[in-house]
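Raw contents of protein27.cif, mmCIF, C-alpha atoms:
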data_entry
loop_
_atom_site.group_PDB
_atom_site.id
_atom_site.type_symbol
_atom_site.label_atom_id
_atom_site.label_comp_id
_atom_site.auth_asym_id
_atom_site.auth_seq_id
_atom_site.Cartn_x
_atom_site.Cartn_y
_atom_site.Cartn_z
ATOM 1 C CA MET A 1 9.805 -54.270 32.691
ATOM 2 C CA LEU A 2 6.624 -55.516 31.106
ATOM 3 C CA LEU A 3 6.306 -52.470 28.793
ATOM 4 C CA PRO A 4 7.366 -52.910 25.146
ATOM 5 C CA LEU A 5 10.705 -51.467 24.072
ATOM 6 C CA THR A 6 10.175 -48.198 22.157
ATOM 7 C CA GLN A 7 12.977 -46.918 19.945
ATOM 8 C CA THR A 8 13.348 -43.122 19.843
ATOM 9 C CA ALA A 9 15.251 -40.923 17.405
ATOM 10 C CA SER A 10 16.861 -38.800 20.123
ATOM 11 C CA LEU A 11 19.829 -40.085 22.068
ATOM 12 C CA THR A 12 20.383 -39.689 25.757
ATOM 13 C CA THR A 13 23.387 -37.835 27.120
ATOM 14 C CA LYS A 14 24.947 -41.099 28.258
ATOM 15 C CA GLU A 15 24.487 -42.655 24.832
ATOM 16 C CA LYS A 16 26.004 -39.592 23.125
ATOM 17 C CA LYS A 17 29.091 -39.759 25.316
ATOM 18 C CA ARG A 18 29.469 -43.480 24.695
ATOM 19 C CA LEU A 19 29.113 -43.033 20.913
ATOM 20 C CA ALA A 20 31.558 -40.116 20.819
ATOM 21 C CA LYS A 21 34.140 -42.163 22.741
ATOM 22 C CA GLN A 22 33.551 -45.411 20.867
ATOM 23 C CA ASP A 23 33.546 -44.003 17.277
ATOM 24 C CA PRO A 24 34.737 -40.356 17.068
ATOM 25 C CA TYR A 25 34.678 -40.273 13.247
ATOM 26 C CA ARG A 26 31.025 -41.321 13.080
ATOM 27 C CA TRP A 27 30.195 -38.829 15.822
ATOM 28 C CA GLN A 28 31.776 -35.969 13.848
ATOM 29 C CA GLN A 29 29.801 -36.964 10.749
ATOM 30 C CA MET A 30 26.594 -36.903 12.756
ATOM 31 C CA GLN A 31 27.403 -33.431 14.080
ATOM 32 C CA GLN A 32 28.178 -32.113 10.587
ATOM 33 C CA ARG A 33 24.891 -33.453 9.199
ATOM 34 C CA LYS A 34 23.016 -31.918 12.121
ATOM 35 C CA ALA A 35 24.686 -28.541 11.575
ATOM 36 C CA ALA A 36 23.868 -28.632 7.844
ATOM 37 C CA HIS A 37 20.245 -29.510 8.589
ATOM 38 C CA ASN A 38 20.023 -26.640 11.078
ATOM 39 C CA VAL A 39 21.322 -24.187 8.471
ATOM 40 C CA ILE A 40 18.729 -25.367 5.959
ATOM 41 C CA LYS A 41 16.016 -25.214 8.611
ATOM 42 C CA GLU A 42 16.948 -21.625 9.527
ATOM 43 C CA ARG A 43 16.961 -20.556 5.862
ATOM 44 C CA ILE A 44 13.551 -22.089 5.211
ATOM 45 C CA GLY A 45 12.184 -20.557 8.421
ATOM 46 C CA ALA A 46 13.468 -17.104 7.491
ATOM 47 C CA GLN A 47 11.955 -17.425 4.008
ATOM 48 C CA LYS A 48 8.586 -18.464 5.432
ATOM 49 C CA ALA A 49 8.666 -15.615 7.945
ATOM 50 C CA ALA A 50 9.428 -13.112 5.168
ATOM 51 C CA GLU A 51 6.576 -14.444 3.022
ATOM 52 C CA PHE A 52 4.208 -14.464 5.987
ATOM 53 C CA GLY A 53 4.837 -10.739 6.457
ATOM 54 C CA ASP A 54 3.935 -8.329 9.209
ATOM 55 C CA PRO A 55 0.369 -8.151 10.611
ATOM 56 C CA VAL A 56 0.371 -4.338 10.405
ATOM 57 C CA ARG A 57 2.350 -3.497 7.260
ATOM 58 C CA GLY A 58 2.203 -6.770 5.371
ATOM 59 C CA LEU A 59 4.657 -6.660 2.463
ATOM 60 C CA THR A 60 5.799 -3.267 1.188
ATOM 61 C CA THR A 61 4.800 -2.602 -2.444
ATOM 62 C CA PRO A 62 5.262 0.462 -4.686
ATOM 63 C CA PHE A 63 1.569 1.356 -4.429
ATOM 64 C CA VAL A 64 1.708 1.260 -0.624
ATOM 65 C CA GLU A 65 4.896 3.364 -0.629
ATOM 66 C CA SER A 66 3.136 5.964 -2.775
ATOM 67 C CA PHE A 67 0.700 6.582 0.116
ATOM 68 C CA ASP A 68 3.389 8.651 1.855
ATOM 69 C CA SER A 69 3.311 11.313 -0.885
ATOM 70 C CA ALA A 70 -0.334 10.748 -1.932
ATOM 71 C CA GLY A 71 0.839 9.654 -5.384
ATOM 72 C CA GLN A 72 2.918 12.761 -6.164
ATOM 73 C CA ALA A 73 6.524 11.492 -5.808
ATOM 74 C CA PRO A 74 7.746 9.627 -8.925
ATOM 75 C CA MET A 75 10.605 7.871 -7.066
ATOM 76 C CA SER A 76 10.796 6.213 -3.667
ATOM 77 C CA ARG A 77 12.774 7.618 -0.761
ATOM 78 C CA PRO A 78 15.256 4.906 0.315
ATOM 79 C CA PRO A 79 16.232 4.561 3.983
ATOM 80 C CA VAL A 80 19.556 6.053 5.062
ATOM 81 C CA ASP A 81 22.157 5.107 7.644
ATOM 82 C CA ASP A 82 23.558 7.262 10.451
ATOM 83 C CA ASP A 83 25.813 9.133 8.014
ATOM 84 C CA GLY A 84 22.950 9.913 5.608
ATOM 85 C CA ASN A 85 24.000 7.424 2.925
ATOM 86 C CA PRO A 86 21.133 5.602 1.152
ATOM 87 C CA LEU A 87 20.923 1.893 1.932
ATOM 88 C CA GLU A 88 19.242 0.967 -1.370
ATOM 89 C CA GLN A 89 18.547 2.376 -4.788
ATOM 90 C CA PRO A 90 15.313 4.366 -5.314
ATOM 91 C CA HIS A 91 12.695 2.759 -7.545
ATOM 92 C CA PRO A 92 9.750 4.255 -9.469
ATOM 93 C CA LEU A 93 6.353 4.590 -7.805
ATOM 94 C CA PRO A 94 2.846 4.810 -9.306
ATOM 95 C CA THR A 95 1.734 8.438 -9.443
ATOM 96 C CA SER A 96 -1.602 10.231 -9.633
ATOM 97 C CA PRO A 97 -0.790 13.801 -10.732
ATOM 98 C CA HIS A 98 -4.432 14.473 -11.570
ATOM 99 C CA VAL A 99 -5.435 14.211 -7.876
ATOM 100 C CA LEU A 100 -5.290 17.660 -6.294
ATOM 101 C CA ASN A 101 -6.207 19.161 -2.951
ATOM 102 C CA ASN A 102 -9.685 20.422 -1.954
ATOM 103 C CA LEU A 103 -11.355 17.580 -3.886
ATOM 104 C CA VAL A 104 -10.236 19.096 -7.207
ATOM 105 C CA SER A 105 -8.823 17.187 -10.167
ATOM 106 C CA GLN A 106 -6.395 18.505 -12.755
ATOM 107 C CA PRO A 107 -8.927 18.449 -15.667
ATOM 108 C CA GLU A 108 -11.409 20.444 -13.551
ATOM 109 C CA LEU A 109 -8.735 23.000 -12.690
ATOM 110 C CA ASP A 110 -7.660 23.348 -16.328
ATOM 111 C CA GLU A 111 -11.274 23.877 -17.403
ATOM 112 C CA ALA A 112 -11.815 26.510 -14.693
ATOM 113 C CA LEU A 113 -8.600 28.343 -15.650
ATOM 114 C CA GLU A 114 -9.569 28.394 -19.319
ATOM 115 C CA HIS A 115 -13.024 29.730 -18.431
ATOM 116 C CA ALA A 116 -11.461 32.432 -16.225
ATOM 117 C CA ARG A 117 -9.033 33.393 -18.988
ATOM 118 C CA ALA A 118 -11.888 33.812 -21.440
ATOM 119 C CA LEU A 119 -13.886 35.928 -18.965
ATOM 120 C CA THR A 120 -11.003 38.269 -18.132
ATOM 121 C CA GLN A 121 -9.728 38.663 -21.665
ATOM 122 C CA PRO A 122 -9.896 42.328 -22.827
ATOM 123 C CA LEU A 123 -12.753 43.077 -25.204
ATOM 124 C CA ALA A 124 -12.082 44.126 -28.745
ATOM 125 C CA PRO A 125 -12.594 47.883 -29.328
ATOM 126 C CA ALA A 126 -15.813 48.976 -31.007
ATOM 127 C CA HIS A 127 -14.058 51.283 -33.500
ATOM 128 C CA ALA A 128 -11.140 49.590 -35.172
ATOM 129 C CA GLU A 129 -9.900 52.811 -36.811
ATOM 130 C CA ALA A 130 -9.284 54.480 -33.409
ATOM 131 C CA VAL A 131 -7.246 51.626 -31.986
ATOM 132 C CA ASP A 132 -3.711 52.100 -30.709
ATOM 133 C CA PRO A 133 -1.853 48.853 -31.649
ATOM 134 C CA VAL A 134 0.886 49.404 -29.069
ATOM 135 C CA ARG A 135 -1.640 49.891 -26.258
ATOM 136 C CA GLU A 136 -3.656 46.854 -27.298
ATOM 137 C CA GLN A 137 -0.482 44.772 -27.383
ATOM 138 C CA GLN A 138 0.430 45.936 -23.877
ATOM 139 C CA LYS A 139 -3.062 45.074 -22.602
ATOM 140 C CA ALA A 140 -2.823 41.572 -24.092
ATOM 141 C CA GLU A 141 0.628 41.000 -22.591
ATOM 142 C CA ARG A 142 -0.541 42.279 -19.185
ATOM 143 C CA HIS A 143 -3.552 39.965 -19.300
ATOM 144 C CA ALA A 144 -1.384 36.957 -20.208
ATOM 145 C CA ALA A 145 1.063 37.738 -17.375
ATOM 146 C CA ASN A 146 -1.728 38.143 -14.812
ATOM 147 C CA HIS A 147 -3.385 34.927 -15.964
ATOM 148 C CA ALA A 148 -0.107 32.997 -15.710
ATOM 149 C CA LYS A 149 0.472 34.390 -12.209
ATOM 150 C CA ALA A 150 -3.054 33.438 -11.108
ATOM 151 C CA ALA A 151 -2.708 29.956 -12.622
ATOM 152 C CA GLU A 152 0.591 29.404 -10.781
ATOM 153 C CA ALA A 153 -0.978 30.572 -7.506
ATOM 154 C CA LEU A 154 -3.921 28.197 -7.909
ATOM 155 C CA GLN A 155 -1.604 25.302 -8.781
ATOM 156 C CA ARG A 156 0.353 25.887 -5.579
ATOM 157 C CA ILE A 157 -2.794 26.175 -3.471
ATOM 158 C CA VAL A 158 -4.360 22.925 -4.684
ATOM 159 C CA HIS A 159 -1.158 20.849 -4.923
ATOM 160 C CA ILE A 160 -0.999 17.923 -2.506
ATOM 161 C CA THR A 161 2.585 18.597 -1.409
ATOM 162 C CA ASN A 162 1.456 21.889 0.140
ATOM 163 C CA GLY A 163 -1.428 20.265 2.025
ATOM 164 C CA SER A 164 -1.665 18.735 5.469
ATOM 165 C CA SER A 165 -1.733 15.078 6.465
ATOM 166 C CA LYS A 166 -5.518 15.220 6.363
ATOM 167 C CA ASP A 167 -5.395 16.428 2.744
ATOM 168 C CA LYS A 168 -3.041 13.569 1.854
ATOM 169 C CA ARG A 169 -5.418 11.104 3.500
ATOM 170 C CA HIS A 170 -8.332 12.382 1.411
ATOM 171 C CA ALA A 171 -6.175 12.170 -1.726
ATOM 172 C CA ASN A 172 -5.204 8.558 -0.921
ATOM 173 C CA ILE A 173 -8.874 7.700 -0.398
ATOM 174 C CA ARG A 174 -9.675 9.044 -3.857
ATOM 175 C CA ARG A 175 -6.796 7.041 -5.330
ATOM 176 C CA CYS A 176 -8.046 3.853 -3.620
ATOM 177 C CA VAL A 177 -11.549 4.401 -4.990
ATOM 178 C CA GLU A 178 -10.181 4.902 -8.508
ATOM 179 C CA THR A 179 -7.877 1.861 -8.330
ATOM 180 C CA PHE A 180 -10.094 -0.696 -6.582
ATOM 181 C CA GLY A 181 -13.629 0.603 -7.151
ATOM 182 C CA ARG A 182 -15.820 -1.889 -8.947
ATOM 183 C CA HIS A 183 -17.168 0.818 -11.240
ATOM 184 C CA ASN A 184 -13.699 0.568 -12.873
ATOM 185 C CA THR A 185 -12.579 -3.000 -12.159
ATOM 186 C CA ASP A 186 -15.788 -4.605 -13.457
ATOM 187 C CA GLN A 187 -14.847 -3.375 -16.931
ATOM 188 C CA THR A 188 -11.345 -4.915 -16.902
ATOM 189 C CA PHE A 189 -11.410 -7.962 -14.601
ATOM 190 C CA THR A 190 -13.050 -11.281 -15.341
ATOM 191 C CA LEU A 191 -15.763 -11.821 -12.757
ATOM 192 C CA LYS A 192 -15.790 -14.941 -10.639
ATOM 193 C CA PRO A 193 -18.105 -17.622 -12.109
ATOM 194 C CA LEU A 194 -21.349 -18.276 -10.300
ATOM 195 C CA ALA A 195 -22.032 -21.458 -8.389
ATOM 196 C CA ARG A 196 -23.784 -24.362 -10.085
ATOM 197 C CA GLY A 197 -27.541 -23.960 -10.245
ATOM 198 C CA ILE A 198 -27.512 -20.144 -10.023
ATOM 199 C CA GLU A 199 -28.663 -18.279 -13.088
ATOM 200 C CA ASP A 200 -26.531 -15.466 -14.430
ATOM 201 C CA VAL A 201 -28.653 -12.323 -14.260
ATOM 202 C CA GLU A 202 -27.347 -9.227 -16.002
ATOM 203 C CA LYS A 203 -26.600 -6.610 -13.361
ATOM 204 C CA PRO A 204 -27.051 -2.896 -13.980
ATOM 205 C CA ILE A 205 -23.966 -0.798 -14.617
ATOM 206 C CA ARG A 206 -22.655 0.877 -11.493
ATOM 207 C CA ALA A 207 -23.241 4.616 -11.445
ATOM 208 C CA GLY A 208 -20.750 6.891 -9.725
ATOM 209 C CA ALA A 209 -17.753 6.031 -7.591
ATOM 210 C CA ASP A 210 -17.804 2.731 -5.689
ATOM 211 C CA THR A 211 -16.818 3.384 -2.076
ATOM 212 C CA GLY A 212 -18.576 0.538 -0.277
ATOM 213 C CA SER A 213 -16.921 -2.560 -1.766
ATOM 214 C CA SER A 214 -14.722 -4.619 0.525
ATOM 215 C CA GLU A 215 -11.559 -4.101 -1.535
ATOM 216 C CA VAL A 216 -12.031 -0.322 -1.466
ATOM 217 C CA GLN A 217 -12.507 -0.308 2.308
ATOM 218 C CA ILE A 218 -9.457 -2.570 2.718
ATOM 219 C CA ALA A 219 -7.328 -0.224 0.602
ATOM 220 C CA ILE A 220 -8.504 2.833 2.572
ATOM 221 C CA LEU A 221 -7.761 1.087 5.873
ATOM 222 C CA THR A 222 -4.300 0.122 4.571
ATOM 223 C CA ALA A 223 -3.533 3.770 3.777
ATOM 224 C CA LYS A 224 -4.707 4.884 7.236
ATOM 225 C CA ILE A 225 -2.800 2.074 8.964
ATOM 226 C CA ARG A 226 0.443 2.994 7.212
ATOM 227 C CA ALA A 227 0.094 6.685 8.079
ATOM 228 C CA LEU A 228 -0.662 5.951 11.755
ATOM 229 C CA ALA A 229 2.113 3.337 12.016
ATOM 230 C CA ASN A 230 4.635 5.842 10.627
ATOM 231 C CA GLU A 231 3.555 8.406 13.214
ATOM 232 C CA LEU A 232 3.813 5.921 16.083
ATOM 233 C CA GLU A 233 7.344 4.922 15.043
ATOM 234 C CA ARG A 234 8.822 8.424 15.156
ATOM 235 C CA GLY A 235 9.514 10.573 18.204
ATOM 236 C CA ARG A 236 7.654 9.548 21.347
ATOM 237 C CA GLY A 237 4.899 7.720 19.516
ATOM 238 C CA TYR A 238 5.488 4.597 21.567
ATOM 239 C CA LYS A 239 3.701 6.380 24.447
ATOM 240 C CA ASP A 240 0.598 7.178 22.404
ATOM 241 C CA LYS A 241 -1.838 4.665 23.888
ATOM 242 C CA VAL A 242 -4.850 6.089 22.053
ATOM 243 C CA GLY A 243 -3.006 5.840 18.738
ATOM 244 C CA LYS A 244 -2.040 2.229 19.479
ATOM 245 C CA ARG A 245 -5.655 1.397 20.250
ATOM 246 C CA ASP A 246 -6.838 3.012 17.006
ATOM 247 C CA LEU A 247 -4.176 1.097 15.074
ATOM 248 C CA ARG A 248 -5.245 -2.171 16.676
ATOM 249 C CA LEU A 249 -8.912 -1.524 15.827
ATOM 250 C CA MET A 250 -8.125 -0.732 12.176
ATOM 251 C CA VAL A 251 -5.879 -3.781 11.784
ATOM 252 C CA HIS A 252 -8.568 -6.112 13.160
ATOM 253 C CA LYS A 253 -11.257 -4.463 11.032
ATOM 254 C CA ARG A 254 -9.124 -4.969 7.924
ATOM 255 C CA ALA A 255 -8.508 -8.596 8.908
ATOM 256 C CA LYS A 256 -12.256 -9.160 9.205
ATOM 257 C CA LEU A 257 -12.853 -7.706 5.734
ATOM 258 C CA LEU A 258 -9.976 -9.762 4.300
ATOM 259 C CA LYS A 259 -11.436 -12.965 5.714
ATOM 260 C CA TYR A 260 -14.758 -12.088 4.084
ATOM 261 C CA MET A 261 -13.026 -11.360 0.763
ATOM 262 C CA ALA A 262 -11.049 -14.601 0.994
ATOM 263 C CA ARG A 263 -14.298 -16.489 1.480
ATOM 264 C CA LYS A 264 -16.067 -14.762 -1.412
ATOM 265 C CA GLU A 265 -13.437 -13.717 -3.959
ATOM 266 C CA ARG A 266 -10.304 -15.780 -3.311
ATOM 267 C CA GLY A 267 -8.704 -16.869 -6.575
ATOM 268 C CA SER A 268 -10.407 -14.228 -8.702
ATOM 269 C CA GLU A 269 -8.626 -11.429 -10.561
ATOM 270 C CA ARG A 270 -10.103 -8.887 -8.151
ATOM 271 C CA TRP A 271 -8.578 -10.701 -5.150
ATOM 272 C CA THR A 272 -5.184 -11.157 -6.857
ATOM 273 C CA HIS A 273 -5.019 -7.501 -7.877
ATOM 274 C CA MET A 274 -5.833 -6.324 -4.343
ATOM 275 C CA ILE A 275 -3.325 -8.654 -2.654
ATOM 276 C CA GLN A 276 -0.474 -7.795 -5.040
ATOM 277 C CA ALA A 277 -1.073 -4.032 -5.059
ATOM 278 C CA LEU A 278 -1.474 -3.640 -1.291
ATOM 279 C CA GLY A 279 1.026 -6.317 -0.232
ATOM 280 C CA LEU A 280 -1.473 -8.040 2.055
ATOM 281 C CA SER A 281 0.392 -11.112 3.275
ATOM 282 C CA PRO A 282 -1.204 -13.994 5.212
ATOM 283 C CA ALA A 283 -0.104 -12.344 8.473
ATOM 284 C CA THR A 284 -2.643 -9.544 7.938
ATOM 285 C CA TYR A 285 -5.679 -11.828 8.190
ATOM 286 C CA GLN A 286 -4.592 -15.330 9.237
ATOM 287 C CA ARG A 287 -3.931 -16.612 12.745
ATOM 288 C CA GLU A 288 -4.210 -14.371 15.786
ATOM 289 C CA ILE A 289 -3.132 -10.749 15.360
ATOM 290 C CA THR A 290 -1.456 -9.272 18.434
ATOM 291 C CA LEU A 291 0.127 -5.810 18.442
#
Written form, structure tokens:
Amino acid sequence: MLLPLTQTASLTTKEKKRLAKQDPYRWQQMQQRKAAHNVIKERIGAQKAAEFGDPVRGLTTPFVESFDSAGQAPMSRPPVDDDGNPLEQPHPLPTSPHVLNNLVSQPELDEALEHARALTQPLAPAHAEAVDPVREQQKAERHAANHAKAAEALQRIVHITNGSSKDKRHANIRRCVETFGRHNTDQTFTLKPLARGIEDVEKPIRAGADTGSSEVQIAILTAKIRALANELERGRGYKDKVGKRDLRLMVHKRAKLLKYMARKERGSERWTHMIQALGLSPATYQREITL
């Protein structure tokens, strides 16, 4: 009895019954306002959950979807229902047609084919007066047909679509190095300004492909995580305990690198480009990640 009277916002069951019996109209208004507030609360919660993303997949972006075909499919493959009808419209994906299998690029293959064509081309006869034009024409046509057949065979051998999952992984690694490597991004992105009191020293130009930067390692881990998550979702992958452990290790390693990048590069063009291209939501590196 000696304690001070504390007014609370919540009503007791007895008070609710008394209010509903004493003033039914006011009680109905209170229930309508509460229902409207609950609807708004659910909508805001669903929006926040969608923006927060998934700790494994984050937010799906076109660049991440292109990992499935190693940058060879120009359009996405929409999900289908039980009857095989697409649930959404396909959209364009970023492609890398120059990336081929066996660590070969399309310009290198074209140069090798042109060199082979020049080496196998029939030599001109020493005596022009003893030349049979019909025979020389047949030799040239036979050489062109054989070269076209060999070029088609090589194109099929080195094309990514005819490779294994390991070949696609290597192709995605090359694409990540080209897209996020600082030997390319330093020439297009504005670097983050230095802290006060630190002199700006001109750094040497990076030579060769950059494979050790944090954003490159994060992109490579994202490609591996997506491939492993797709495998665990189909068939009896839910029983693959070793695969689940590997997925958990890669997700936590990526989260550690993302926390380091957020501490060093957050707000810069390099950070924004990485987050938007890979769809790395706050769920991939904030809070506790449990799989």
Care to translate the PyMOL selection byres ((chain A and resi 160) around 6) into actual residues of this file, as a list in words?
Leu100, Asn101, His159, Thr161, Asn162 and Gly163 of chain A
Specify as a PyMOL selection string each residue included when the PyMOL selection byres ((chain A and resi 122) around 8) is applied to this file.
chain A and resi 120-121+123-124+139-140+143
Identify, on the basis of all atoms listed in the file, every residue whose closest approach to Ser96 of chain A does not exceed 9 Å; exclude the query and any residue fewer than 5 positions from it along the same chain; express the result as a list in words.
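My reading of the contact set: Ala70, Gly71, Gln72 and Arg175 of chain A.
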Taking into account all atoms listed in the file, which residue in the set A:Ser214, A:Thr222, A:Thr190, A:Gln137 is nearest to Glu65 of chain A?
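Closest to Glu65 of chain A, using all atoms listed in the file: A:Thr222.
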So which residues get picked by the PyMOL selection byres ((chain A and resi 238-252) around 12) here, written as an mmCIF file with C-alpha atoms, in the frame of the given file?
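Below is the file selection.cif, written as the result:
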data_model
loop_
_atom_site.group_PDB
_atom_site.id
_atom_site.type_symbol
_atom_site.label_atom_id
_atom_site.label_comp_id
_atom_site.auth_asym_id
_atom_site.auth_seq_id
_atom_site.Cartn_x
_atom_site.Cartn_y
_atom_site.Cartn_z
ATOM 1 C CA ASP A 54 3.935 -8.329 9.209
ATOM 2 C CA PRO A 55 0.369 -8.151 10.611
ATOM 3 C CA VAL A 56 0.371 -4.338 10.405
ATOM 4 C CA ARG A 57 2.350 -3.497 7.260
ATOM 5 C CA GLY A 58 2.203 -6.770 5.371
ATOM 6 C CA GLN A 217 -12.507 -0.308 2.308
ATOM 7 C CA ILE A 218 -9.457 -2.570 2.718
ATOM 8 C CA ALA A 219 -7.328 -0.224 0.602
ATOM 9 C CA ILE A 220 -8.504 2.833 2.572
ATOM 10 C CA LEU A 221 -7.761 1.087 5.873
ATOM 11 C CA THR A 222 -4.300 0.122 4.571
ATOM 12 C CA ALA A 223 -3.533 3.770 3.777
ATOM 13 C CA LYS A 224 -4.707 4.884 7.236
ATOM 14 C CA ILE A 225 -2.800 2.074 8.964
ATOM 15 C CA ARG A 226 0.443 2.994 7.212
ATOM 16 C CA ALA A 227 0.094 6.685 8.079
ATOM 17 C CA LEU A 228 -0.662 5.951 11.755
ATOM 18 C CA ALA A 229 2.113 3.337 12.016
ATOM 19 C CA ASN A 230 4.635 5.842 10.627
ATOM 20 C CA GLU A 231 3.555 8.406 13.214
ATOM 21 C CA LEU A 232 3.813 5.921 16.083
ATOM 22 C CA GLU A 233 7.344 4.922 15.043
ATOM 23 C CA ARG A 234 8.822 8.424 15.156
ATOM 24 C CA GLY A 235 9.514 10.573 18.204
ATOM 25 C CA ARG A 236 7.654 9.548 21.347
ATOM 26 C CA GLY A 237 4.899 7.720 19.516
ATOM 27 C CA LYS A 253 -11.257 -4.463 11.032
ATOM 28 C CA ARG A 254 -9.124 -4.969 7.924
ATOM 29 C CA ALA A 255 -8.508 -8.596 8.908
ATOM 30 C CA LYS A 256 -12.256 -9.160 9.205
ATOM 31 C CA LEU A 257 -12.853 -7.706 5.734
ATOM 32 C CA LEU A 258 -9.976 -9.762 4.300
ATOM 33 C CA LYS A 259 -11.436 -12.965 5.714
ATOM 34 C CA LEU A 280 -1.473 -8.040 2.055
ATOM 35 C CA ALA A 283 -0.104 -12.344 8.473
ATOM 36 C CA THR A 284 -2.643 -9.544 7.938
ATOM 37 C CA TYR A 285 -5.679 -11.828 8.190
ATOM 38 C CA GLN A 286 -4.592 -15.330 9.237
ATOM 39 C CA ARG A 287 -3.931 -16.612 12.745
ATOM 40 C CA GLU A 288 -4.210 -14.371 15.786
ATOM 41 C CA ILE A 289 -3.132 -10.749 15.360
ATOM 42 C CA THR A 290 -1.456 -9.272 18.434
ATOM 43 C CA LEU A 291 0.127 -5.810 18.442
#
Atom CA of Pro107 of chain A to atom CA of Gln155 of chain A measures 12.2 Å
Using all atoms listed in the file for the distances, tell me which of A:Phe63, A:Lys168, A:Ala118, A:Pro125 is nearest to Ala144 of chain A.
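Ranked by minimum distance to Ala144 of chain A, first place goes to A:Ala118.
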Excluding Glu215 of chain A and its own-chain neighbours fewer than 6 positions away, which residues fall within 9 Å of it when counting all atoms listed in the file? Please give them as a VMD selection string.
chain A and resid 176 180 to 182 257 to 258 261 270 to 271 274
Specify the axis-aligned box that encloses all atoms of segment 46-50 of chain A listed in the file after padding of 6 Å on each side, stating its centre and edge lengths in Å to one decimal as JSON.
{"center_x": 11.0, "center_y": -15.8, "center_z": 6.0, "size_x": 16.9, "size_y": 17.4, "size_z": 15.9}
Can you work out which one of A:Arg43, A:Arg77, A:Lys48, A:Lys17 has the shortest atom-to-atom distance to Pro282 of chain A, counting all atoms listed in the file?
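Among A:Arg43, A:Arg77, A:Lys48, A:Lys17, it is A:Lys48 that comes nearest to Pro282 of chain A.
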Distance criterion (all atoms listed in the file): nearest to Ile173 of chain A out of A:Ser76, A:Thr211, A:Gln32, A:Gln276:
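Selected residue with least distance to Ile173 of chain A: A:Thr211.
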In terms of the shortest atom-to-atom distance over only C-alpha atoms, which of A:Ser10, A:His37, A:Gln31, A:Pro94 is closest to Pro62 of chain A?
A:Pro94
Counting all atoms listed in the file, which residue out of A:Val158, A:Ala195, A:Val216, A:Asp210 sits closest to Gln106 of chain A?
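Smallest distance to Gln106 of chain A is found for A:Val158.
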So the first atom is atom CA of Ala153 of chain A and the second is atom CA of Glu108 of chain A; what is the distance between them in Å, to one decimal place?
15.7 Å
